[in-house]
>>> print(open('final_26.csv').read())   # CSV, C-alpha atoms and all ligand atoms
chain,number,residue,atom,x,y,z
A,112,MET,CA,-8.2,-2.7,18.2
A,113,THR,CA,-9.9,0.3,16.7
A,114,LEU,CA,-9.1,0.1,13.0
A,115,GLY,CA,-11.4,-2.0,10.8
A,116,ARG,CA,-14.5,-1.0,12.8
A,117,PRO,CA,-17.2,-0.2,12.0
A,118,ILE,CA,-17.0,-2.0,8.7
A,119,MET,CA,-19.2,-1.4,5.7
A,120,ARG,CA,-19.2,-4.5,3.4
A,121,LEU,CA,-20.3,-3.9,-0.1
A,122,ALA,CA,-20.8,-6.4,-2.9
A,123,GLU,CA,-19.7,-3.7,-5.3
A,124,ALA,CA,-18.3,-0.1,-5.2
A,125,ASP,CA,-16.9,2.3,-7.7
A,126,SER,CA,-13.9,2.8,-5.4
A,127,THR,CA,-13.8,2.2,-1.7
A,128,ASN,CA,-11.7,5.3,-1.4
A,129,GLN,CA,-14.6,7.2,-3.0
A,130,VAL,CA,-17.2,5.7,-0.6
A,131,ALA,CA,-14.8,6.3,2.4
A,132,ALA,CA,-14.4,10.0,1.3
A,133,GLU,CA,-18.1,10.5,1.5
A,134,LEU,CA,-18.3,8.8,4.9
A,135,ALA,CA,-15.3,10.8,6.2
A,136,ASP,CA,-16.9,14.1,5.1
A,137,GLN,CA,-20.0,13.1,7.0
A,138,GLY,CA,-17.9,12.6,10.2
A,139,ALA,CA,-17.4,8.8,10.3
A,140,PRO,CA,-15.1,8.0,13.2
A,141,GLU,CA,-11.5,6.9,12.9
A,142,GLY,CA,-11.2,3.2,12.0
A,143,SER,CA,-14.3,3.1,9.9
A,144,THR,CA,-13.6,0.8,7.0
A,145,VAL,CA,-15.2,0.2,3.6
A,146,LEU,CA,-14.7,-3.2,2.0
A,147,ALA,CA,-15.9,-4.1,-1.5
A,148,GLU,CA,-15.9,-7.5,-3.2
A,149,VAL,CA,-15.5,-5.9,-6.6
A,150,GLN,CA,-14.6,-2.3,-7.6
A,151,THR,CA,-15.8,-0.9,-10.9
A,152,ALA,CA,-13.5,2.1,-10.8
A,153,GLY,CA,-10.6,1.1,-8.5
A,154,SER,CA,-7.9,3.7,-8.7
A,155,GLY,CA,-4.2,4.0,-8.1
A,156,ARG,CA,-2.0,7.1,-7.9
A,157,LEU,CA,-2.4,9.9,-10.4
A,158,GLY,CA,-5.9,8.5,-11.3
A,159,ARG,CA,-4.5,5.3,-12.8
A,160,ARG,CA,-6.8,2.3,-12.9
A,161,TRP,CA,-6.6,-0.4,-10.3
A,162,ALA,CA,-8.0,-3.7,-11.5
A,163,SER,CA,-10.3,-5.0,-8.8
A,164,PRO,CA,-12.0,-8.3,-9.8
A,165,ARG,CA,-13.5,-10.7,-7.3
A,166,GLY,CA,-11.0,-12.5,-5.1
A,167,GLY,CA,-9.1,-9.4,-3.9
A,168,LEU,CA,-9.2,-7.5,-0.7
A,169,TRP,CA,-10.2,-4.0,-1.7
A,170,LEU,CA,-10.7,-1.8,1.3
A,171,THR,CA,-10.2,1.7,2.7
A,172,VAL,CA,-9.7,2.7,6.3
A,173,ILE,CA,-10.5,6.2,7.6
A,174,LEU,CA,-7.8,7.7,9.8
A,175,ARG,CA,-8.0,10.9,11.7
A,176,PRO,CA,-4.5,11.8,12.8
A,177,PRO,CA,-4.2,14.8,15.2
A,178,ALA,CA,-3.9,18.2,13.6
A,179,GLU,CA,-0.2,18.6,14.5
A,180,ARG,CA,0.6,15.3,12.7
A,181,LEU,CA,-1.3,16.1,9.5
A,182,ASP,CA,1.8,17.4,7.6
A,183,ALA,CA,3.3,13.9,7.9
A,184,TRP,CA,0.3,12.2,6.4
A,185,PRO,CA,2.1,11.0,3.2
A,186,THR,CA,4.2,8.7,5.4
A,187,LEU,CA,1.0,6.9,6.4
A,188,THR,CA,0.9,5.2,3.0
A,189,MET,CA,4.3,3.7,3.8
A,190,VAL,CA,3.1,2.7,7.3
A,191,GLY,CA,0.3,0.9,5.5
A,192,GLY,CA,2.8,-0.7,3.1
A,193,VAL,CA,4.7,-2.2,6.1
A,194,ALA,CA,1.5,-3.6,7.5
A,195,VAL,CA,0.5,-5.1,4.2
A,196,ALA,CA,3.9,-6.6,3.5
A,197,GLU,CA,4.0,-8.2,7.0
A,198,THR,CA,0.4,-9.5,6.5
A,199,VAL,CA,1.4,-11.0,3.2
A,200,ALA,CA,4.4,-12.7,4.8
A,201,ASP,CA,2.3,-14.0,7.6
A,202,LEU,CA,-0.4,-15.4,5.4
A,203,LEU,CA,2.2,-17.1,3.2
A,204,ALA,CA,3.9,-18.6,6.3
A,205,GLY,CA,0.6,-19.7,7.7
A,206,GLU,CA,-0.8,-21.3,4.6
A,207,VAL,CA,2.3,-22.5,2.7
A,208,GLY,CA,4.5,-23.3,5.7
A,209,GLU,CA,8.2,-23.3,6.1
A,210,GLY,CA,9.1,-25.3,2.9
A,211,LEU,CA,8.0,-22.8,0.3
A,212,GLU,CA,8.2,-19.7,2.5
A,213,GLY,CA,11.9,-19.3,1.8
A,214,SER,CA,11.2,-19.1,-1.9
A,215,LEU,CA,8.6,-16.4,-1.5
A,216,ASP,CA,10.2,-13.0,-1.3
A,217,VAL,CA,8.0,-10.1,0.0
A,218,ARG,CA,9.3,-6.6,-0.5
A,219,ILE,CA,8.2,-3.0,-0.6
A,220,LYS,CA,8.8,-1.0,-3.7
A,221,TRP,CA,8.9,2.7,-2.9
A,222,PRO,CA,6.5,4.4,-2.4
A,223,ASN,CA,3.4,2.3,-2.4
A,224,ASP,CA,3.8,-1.2,-3.9
A,225,VAL,CA,4.2,-4.5,-2.2
A,226,LEU,CA,5.9,-7.1,-4.4
A,227,LEU,CA,5.9,-10.9,-4.1
A,228,ASN,CA,8.7,-12.4,-6.0
A,229,ARG,CA,9.2,-9.1,-7.9
A,230,ARG,CA,5.6,-8.9,-9.0
A,231,LYS,CA,3.1,-6.5,-7.6
A,232,VAL,CA,0.8,-8.2,-5.2
A,233,ALA,CA,-0.6,-5.1,-3.4
A,234,GLY,CA,-0.8,-1.3,-3.7
A,235,LEU,CA,-1.7,1.5,-1.3
A,236,LEU,CA,-3.5,4.7,-2.0
A,237,GLY,CA,-3.4,7.4,0.6
A,238,GLN,CA,-5.6,10.5,0.2
A,239,ALA,CA,-6.2,13.4,2.6
A,240,ARG,CA,-9.6,15.1,3.2
A,241,LEU,CA,-9.5,18.6,4.6
A,242,GLY,CA,-12.6,18.4,6.7
A,243,GLY,CA,-15.0,21.3,7.2
A,244,PRO,CA,-17.3,22.8,9.7
A,245,GLY,CA,-17.6,20.3,12.5
A,246,VAL,CA,-15.6,17.6,10.6
A,247,GLU,CA,-12.0,16.9,11.4
A,248,PRO,CA,-9.5,16.2,8.6
A,249,ALA,CA,-9.1,12.6,7.6
A,250,VAL,CA,-6.6,10.4,5.8
A,251,LEU,CA,-8.1,7.6,3.6
A,252,LEU,CA,-5.8,4.6,3.5
A,253,GLY,CA,-6.8,2.4,0.5
A,254,VAL,CA,-5.4,-1.1,0.3
A,255,GLY,CA,-5.6,-3.3,-2.7
A,256,LEU,CA,-4.3,-6.8,-2.0
A,257,ASN,CA,-4.5,-9.5,-4.7
A,258,LEU,CA,-5.5,-12.3,-2.4
A,259,ASN,CA,-7.3,-15.0,-4.5
A,260,VAL,CA,-7.2,-13.2,-7.7
A,261,ASP,CA,-6.8,-15.4,-10.8
A,262,ARG,CA,-4.3,-14.1,-13.2
A,263,ALA,CA,-6.8,-14.5,-16.0
A,264,SER,CA,-9.2,-12.1,-14.4
A,265,LEU,CA,-6.6,-9.3,-14.5
A,266,PRO,CA,-6.2,-7.1,-17.7
A,267,PRO,CA,-3.7,-8.7,-20.1
A,268,GLU,CA,-1.4,-5.7,-19.9
A,269,ILE,CA,-0.6,-6.3,-16.2
A,270,ARG,CA,-0.6,-10.1,-16.2
A,271,ASP,CA,3.2,-10.3,-16.3
A,272,THR,CA,3.9,-7.6,-13.7
A,273,ALA,CA,1.1,-8.5,-11.2
A,274,THR,CA,0.6,-11.5,-9.1
A,275,SER,CA,-1.7,-12.7,-6.3
A,276,LEU,CA,-1.1,-14.9,-3.2
A,277,SER,CA,-3.1,-17.7,-4.8
A,278,ALA,CA,-1.4,-17.4,-8.2
A,279,ALA,CA,2.1,-17.5,-6.5
A,280,THR,CA,1.3,-20.5,-4.3
A,281,GLY,CA,-1.6,-22.5,-5.8
A,282,HIS,CA,-3.4,-22.1,-2.4
A,283,ARG,CA,-6.6,-20.3,-1.5
A,284,PHE,CA,-6.6,-17.9,1.4
A,285,ASP,CA,-9.4,-17.1,3.8
A,286,ALA,CA,-10.5,-13.5,3.2
A,287,ASP,CA,-11.8,-12.9,6.7
A,288,ALA,CA,-8.6,-14.1,8.3
A,289,ALA,CA,-6.6,-12.0,5.9
A,290,LEU,CA,-8.8,-8.9,6.8
A,291,GLU,CA,-8.3,-9.6,10.5
A,292,SER,CA,-4.6,-9.9,10.2
A,293,LEU,CA,-4.3,-6.8,8.0
A,294,THR,CA,-6.4,-4.6,10.3
A,295,GLU,CA,-4.5,-5.8,13.3
A,296,ARG,CA,-1.1,-5.0,11.8
A,297,LEU,CA,-2.4,-1.6,10.5
A,298,ASP,CA,-3.7,-0.8,13.9
A,299,ARG,CA,-0.4,-1.6,15.5
A,300,TRP,CA,1.7,0.3,13.0
A,301,TYR,CA,-0.6,3.3,13.1
A,302,GLY,CA,-0.4,3.3,16.9
A,303,THR,CA,3.4,3.3,16.7
A,304,TRP,CA,3.2,6.2,14.1
A,305,LEU,CA,1.0,8.2,16.4
A,306,ARG,CA,3.3,7.7,19.5
A,307,GLU,CA,6.7,7.7,17.9
A,308,GLY,CA,6.4,9.2,14.4
A,309,PHE,CA,7.5,7.6,11.1
A,310,GLY,CA,10.9,6.3,12.4
A,311,PRO,CA,10.0,2.7,13.3
A,312,ALA,CA,8.0,2.1,10.1
A,313,ARG,CA,10.8,3.8,8.1
A,314,GLY,CA,13.2,1.2,9.6
A,315,ARG,CA,10.9,-1.6,8.5
A,316,CYS,CA,10.5,0.0,5.0
A,317,LEU,CA,14.2,0.1,4.6
A,318,ALA,CA,14.7,-3.5,5.8
A,319,LEU,CA,12.0,-4.7,3.4
A,320,SER,CA,12.8,-2.3,0.6
A,321,ALA,CA,13.0,-3.6,-3.0
A,322,THR,CA,14.3,-0.1,-4.0
A,323,VAL,CA,17.0,1.1,-1.6
A,324,GLY,CA,20.4,-0.1,-2.6
A,325,ARG,CA,19.2,-0.7,-6.2
A,326,SER,CA,19.8,1.1,-9.4
A,327,VAL,CA,16.6,3.0,-10.3
A,328,GLN,CA,15.1,5.4,-12.7
A,329,ALA,CA,12.7,7.9,-11.2
A,330,ILE,CA,10.4,9.8,-13.5
A,331,GLY,CA,8.8,12.8,-11.7
A,332,PRO,CA,6.5,15.5,-12.8
A,333,LYS,CA,9.4,17.7,-13.9
A,334,THR,CA,12.5,15.5,-14.2
A,335,ALA,CA,13.9,12.0,-14.8
A,336,ILE,CA,16.8,10.8,-12.7
A,337,THR,CA,18.8,7.6,-13.0
A,338,GLY,CA,21.0,6.5,-10.1
A,339,GLU,CA,21.3,4.5,-7.0
A,340,ALA,CA,18.5,4.7,-4.4
A,341,LEU,CA,20.3,5.5,-1.2
A,342,ASP,CA,17.7,6.0,1.5
A,343,ILE,CA,14.1,6.8,2.5
A,344,LEU,CA,14.1,10.0,4.4
A,345,GLY,CA,12.1,11.0,7.5
A,346,ASP,CA,9.4,12.6,5.5
A,347,GLY,CA,9.1,9.5,3.2
A,348,ALA,CA,11.0,10.9,0.3
A,349,LEU,CA,13.4,8.7,-1.7
A,350,LEU,CA,17.1,9.9,-1.9
A,351,ILE,CA,18.8,9.1,-5.2
A,352,ARG,CA,22.5,9.6,-6.1
A,353,SER,CA,23.1,9.9,-9.8
A,354,ALA,CA,26.3,8.9,-11.6
A,355,ASP,CA,27.7,12.4,-11.4
A,356,GLY,CA,27.4,12.2,-7.5
A,357,ARG,CA,24.5,14.6,-7.3
A,358,GLU,CA,21.9,13.6,-4.7
A,359,THR,CA,18.2,14.3,-5.3
A,360,THR,CA,15.2,13.7,-3.2
A,361,VAL,CA,12.0,12.6,-5.0
A,362,ARG,CA,8.6,12.7,-3.5
A,363,ALA,CA,6.1,11.9,-6.3
A,364,ALA,CA,7.7,9.8,-8.9
A,365,ASP,CA,7.3,6.6,-10.9
A,366,VAL,CA,10.3,4.5,-10.0
A,367,SER,CA,11.4,1.5,-12.0
A,368,LEU,CA,14.1,-0.9,-10.8
A,369,ARG,CA,17.0,-1.4,-13.2
A,370,SER,CA,19.0,-4.6,-13.4
A,371,GLY,CA,22.5,-4.3,-12.0
B,401,LIG,P1,3.9,0.8,-10.9
B,401,LIG,O1,5.2,1.1,-10.2
B,401,LIG,O2,3.6,-0.6,-10.8
B,401,LIG,O3,3.7,1.4,-12.2
B,401,LIG,P2,2.6,2.6,-9.1
B,401,LIG,O4,2.8,2.3,-7.7
B,401,LIG,O5,3.3,3.8,-9.7
B,401,LIG,O6,2.9,1.4,-9.9
B,401,LIG,P3,0.1,3.7,-9.7
B,401,LIG,O7,0.7,4.8,-10.3
B,401,LIG,O8,-0.7,3.9,-8.5
B,401,LIG,O9,1.1,2.6,-9.4
B,401,LIG,O10,-0.8,2.9,-10.7
B,401,LIG,C1,-1.4,1.6,-10.6
B,401,LIG,C2,-0.7,0.7,-11.5
B,401,LIG,O11,-0.8,-0.6,-10.9
B,401,LIG,C3,-1.4,0.5,-12.8
B,401,LIG,O12,-0.8,1.4,-13.8
B,401,LIG,C4,-1.2,-0.9,-13.2
B,401,LIG,O13,0.0,-1.1,-13.9
B,401,LIG,C5,-1.0,-1.6,-11.9
B,401,LIG,N1,-2.2,-2.4,-11.4
B,401,LIG,C6,-3.5,-2.1,-11.6
B,401,LIG,N2,-4.3,-3.1,-11.0
B,401,LIG,C7,-3.4,-3.9,-10.4
B,401,LIG,C8,-3.6,-5.1,-9.6
B,401,LIG,N3,-4.8,-5.5,-9.3
B,401,LIG,N4,-2.5,-5.8,-9.2
B,401,LIG,C9,-1.3,-5.3,-9.5
B,401,LIG,N5,-1.0,-4.3,-10.3
B,401,LIG,C10,-2.1,-3.5,-10.7
B,402,LIG,C1,-1.4,1.5,-6.4
B,402,LIG,O1,-1.5,1.8,-7.5
B,402,LIG,O2,-0.4,0.9,-6.1
B,402,LIG,C2,-2.4,1.8,-5.4
B,402,LIG,C3,-3.6,0.9,-5.6
B,402,LIG,C4,-4.6,1.1,-4.5
B,402,LIG,C5,-5.8,0.2,-4.7
B,402,LIG,C6,-6.8,0.3,-3.6
B,402,LIG,S1,-8.1,-0.9,-3.7
B,402,LIG,C7,-9.0,-0.2,-2.4
B,402,LIG,C8,-8.8,1.3,-2.6
B,402,LIG,N1,-9.8,1.8,-3.5
B,402,LIG,C9,-9.3,2.3,-4.6
B,402,LIG,O3,-9.9,2.7,-5.6
B,402,LIG,N2,-7.9,2.2,-4.6
B,402,LIG,C10,-7.5,1.6,-3.3
>>> encode(input="final_26.csv", output="structure tokens", more="lines below")
Ligand code: ATP
Ligand code: BTN
Amino acid sequence: MTLGRPIMRLAEADSTNQVAAELADQGAPEGSTVLAEVQTAGSGRLGRRWASPRGGLWLTVILRPPAERLDAWPTLTMVGGVAVAETVADLLAGEVGEGLEGSLDVRIKWPNDVLLNRRKVAGLLGQARLGGPGVEPAVLLGVGLNLNVDRASLPPEIRDTATSLSAATGHRFDADAALESLTERLDRWYGTWLREGFGPARGRCLALSATVGRSVQAIGPKTAITGEALDILGDGALLIRSADGRETTVRAADVSLRSG
């Protein structure tokens, strides 16, 4: 396994993506990982805040995809989403066992959320670094997984939409085992992406999707579309068919799931 090593463990960071960006720009090798117990300025897409109290798994892995695959880097966030969703399902199965497992539903909400029983349990933040003289480009894959995060330690405004493995089950989860399982899955899915492209992970995304087949509203930088989410395309975009039959692909949007 190459991802997850070497690992920099920090008691506190502003954002592990920020620390990883500095390491990547200094030439840190692929697989280098930054893990923080607490983040003081954890971030999501579009500069939104990511609450990162103690108990979560907050980490960033540095990837260095070959130059000819760089255009496809946005799909790496989804590759990461598959790895995280599978890790969550594994941890739940291992800790809670068969009995409860059936009542714990793990899904991927396009593009970068992992849901547990419809609440957000993890998010991914992919960022590209261009590189420079003597430094290859890099992709920073940030993962925020609410492992043993108490609901009370999350900001009140997200307590109803967020959950953690511990909050959903009443069990505590071993952080090192979770890290091991996550980096192993990431390593495998990244290897598949390098060899075969996005296709296999796309298939898993579709199978685990909370979005495809649902009625959604997508609010993008320029437009808002309401319709049925039909597919995730080969470049990671979401295909939506609106009521008038028009099909639109969205790449950067906030998607909310509508009932019905
Ligand atoms: P959403 O669809 O949930 O709005 P998104 O994938 O579009 O999320 P971002 O745009 O990256 O997410 O923004 C992060 C959002 O995640 C924040 O606006 C907040 O609602 C939510 N959030 C922040 N911290 C946590 C956390 N620890 N667990 C779950 N959700 C969180
Ligand atoms: C999302 O909003 O869904 C993405 C959240 C990504 C959070 C992780 S936590 C580790 C890494 N460092 C950050 O500042 N963000 C990512």
>>> residues_around(input="final_26.csv", residues="segment 244-261 of chain A", least_positions_apart="5", cutoff="8 Å", atoms="all atoms listed in the file", output="number ranges by chain")
A: 127-128, 131-132, 135-138, 163-176, 178, 184, 187-188, 191, 232-239, 274-278, 283-284, 286
>>> residues_near_point(input="final_26.csv", point="(-16.9, 0.4, 9.5)", cutoff="7 Å", atoms="only C-alpha atoms", output="ChimeraX atom specification")
/A:115-119,142-145
>>> write_last_selection(input="final_26.csv", atoms="C-alpha atoms", output="PDB file, keeping the file's coordinate frame")
ATOM      1  CA  GLY A 115     -11.400  -2.000  10.800  1.00  0.00           C
ATOM      2  CA  ARG A 116     -14.500  -1.000  12.800  1.00  0.00           C
ATOM      3  CA  PRO A 117     -17.200  -0.200  12.000  1.00  0.00           C
ATOM      4  CA  ILE A 118     -17.000  -2.000   8.700  1.00  0.00           C
ATOM      5  CA  MET A 119     -19.200  -1.400   5.700  1.00  0.00           C
ATOM      6  CA  GLY A 142     -11.200   3.200  12.000  1.00  0.00           C
ATOM      7  CA  SER A 143     -14.300   3.100   9.900  1.00  0.00           C
ATOM      8  CA  THR A 144     -13.600   0.800   7.000  1.00  0.00           C
ATOM      9  CA  VAL A 145     -15.200   0.200   3.600  1.00  0.00           C
TER      10      VAL A 145
END
>>> residues_near_ligand(input="final_26.csv", ligand="ligand LIG 401 (chain B)", cutoff="6 Å", atoms="only C-alpha atoms and all ligand atoms", output="ChimeraX atom specification")
/A:155-157,159-163,223-224,231-232,269,273,365
>>> closest_residue(input="final_26.csv", among="A:Ala364, A:Ala340, A:Val130, A:Ala263", to="ligand LIG 402 (chain B)", atoms="only C-alpha atoms and all ligand atoms")
A:Val130
>>> closest_residue(input="final_26.csv", among="A:Ala200, A:Ile330, A:Leu344, A:Ala318", to="Leu368 of chain A", atoms="all atoms listed in the file")
A:Ile330
>>> closest_residue(input="final_26.csv", among="A:Arg315, A:Asp271, A:Arg306, A:Val366", to="ligand LIG 402 (chain B)", atoms="all atoms listed in the file")
A:Val366
>>> closest_residue(input="final_26.csv", among="A:Asp298, A:Glu123, A:Glu339, A:Glu291", to="ligand LIG 402 (chain B)", atoms="all atoms listed in the file")
A:Glu123
>>> atom_distance(input="final_26.csv", atom1="atom CA of Ser154 of chain A", atom2="atom CA of Pro185 of chain A")
17.2 Å
>>> closest_residue(input="final_26.csv", among="A:Gly243, A:Pro177, A:Pro311, A:Pro332", to="Arg299 of chain A", atoms="only C-alpha atoms")
A:Pro311
>>> closest_residue(input="final_26.csv", among="A:Ala139, A:Ala348, A:Leu146, A:Leu121", to="ligand LIG 402 (chain B)", atoms="all atoms listed in the file")
A:Leu146
>>> residues_near_point(input="final_26.csv", point="(14.8, 16.9, -9.3)", cutoff="8 Å", atoms="all atoms listed in the file", output="count of residues only")
8
>>> atom_distance(input="final_26.csv", atom1="atom CA of Val190 of chain A", atom2="atom CA of Gly153 of chain A")
21.0 Å
>>> atom_distance(input="final_26.csv", atom1="atom CA of Glu179 of chain A", atom2="atom CA of Ala194 of chain A")
23.3 Å
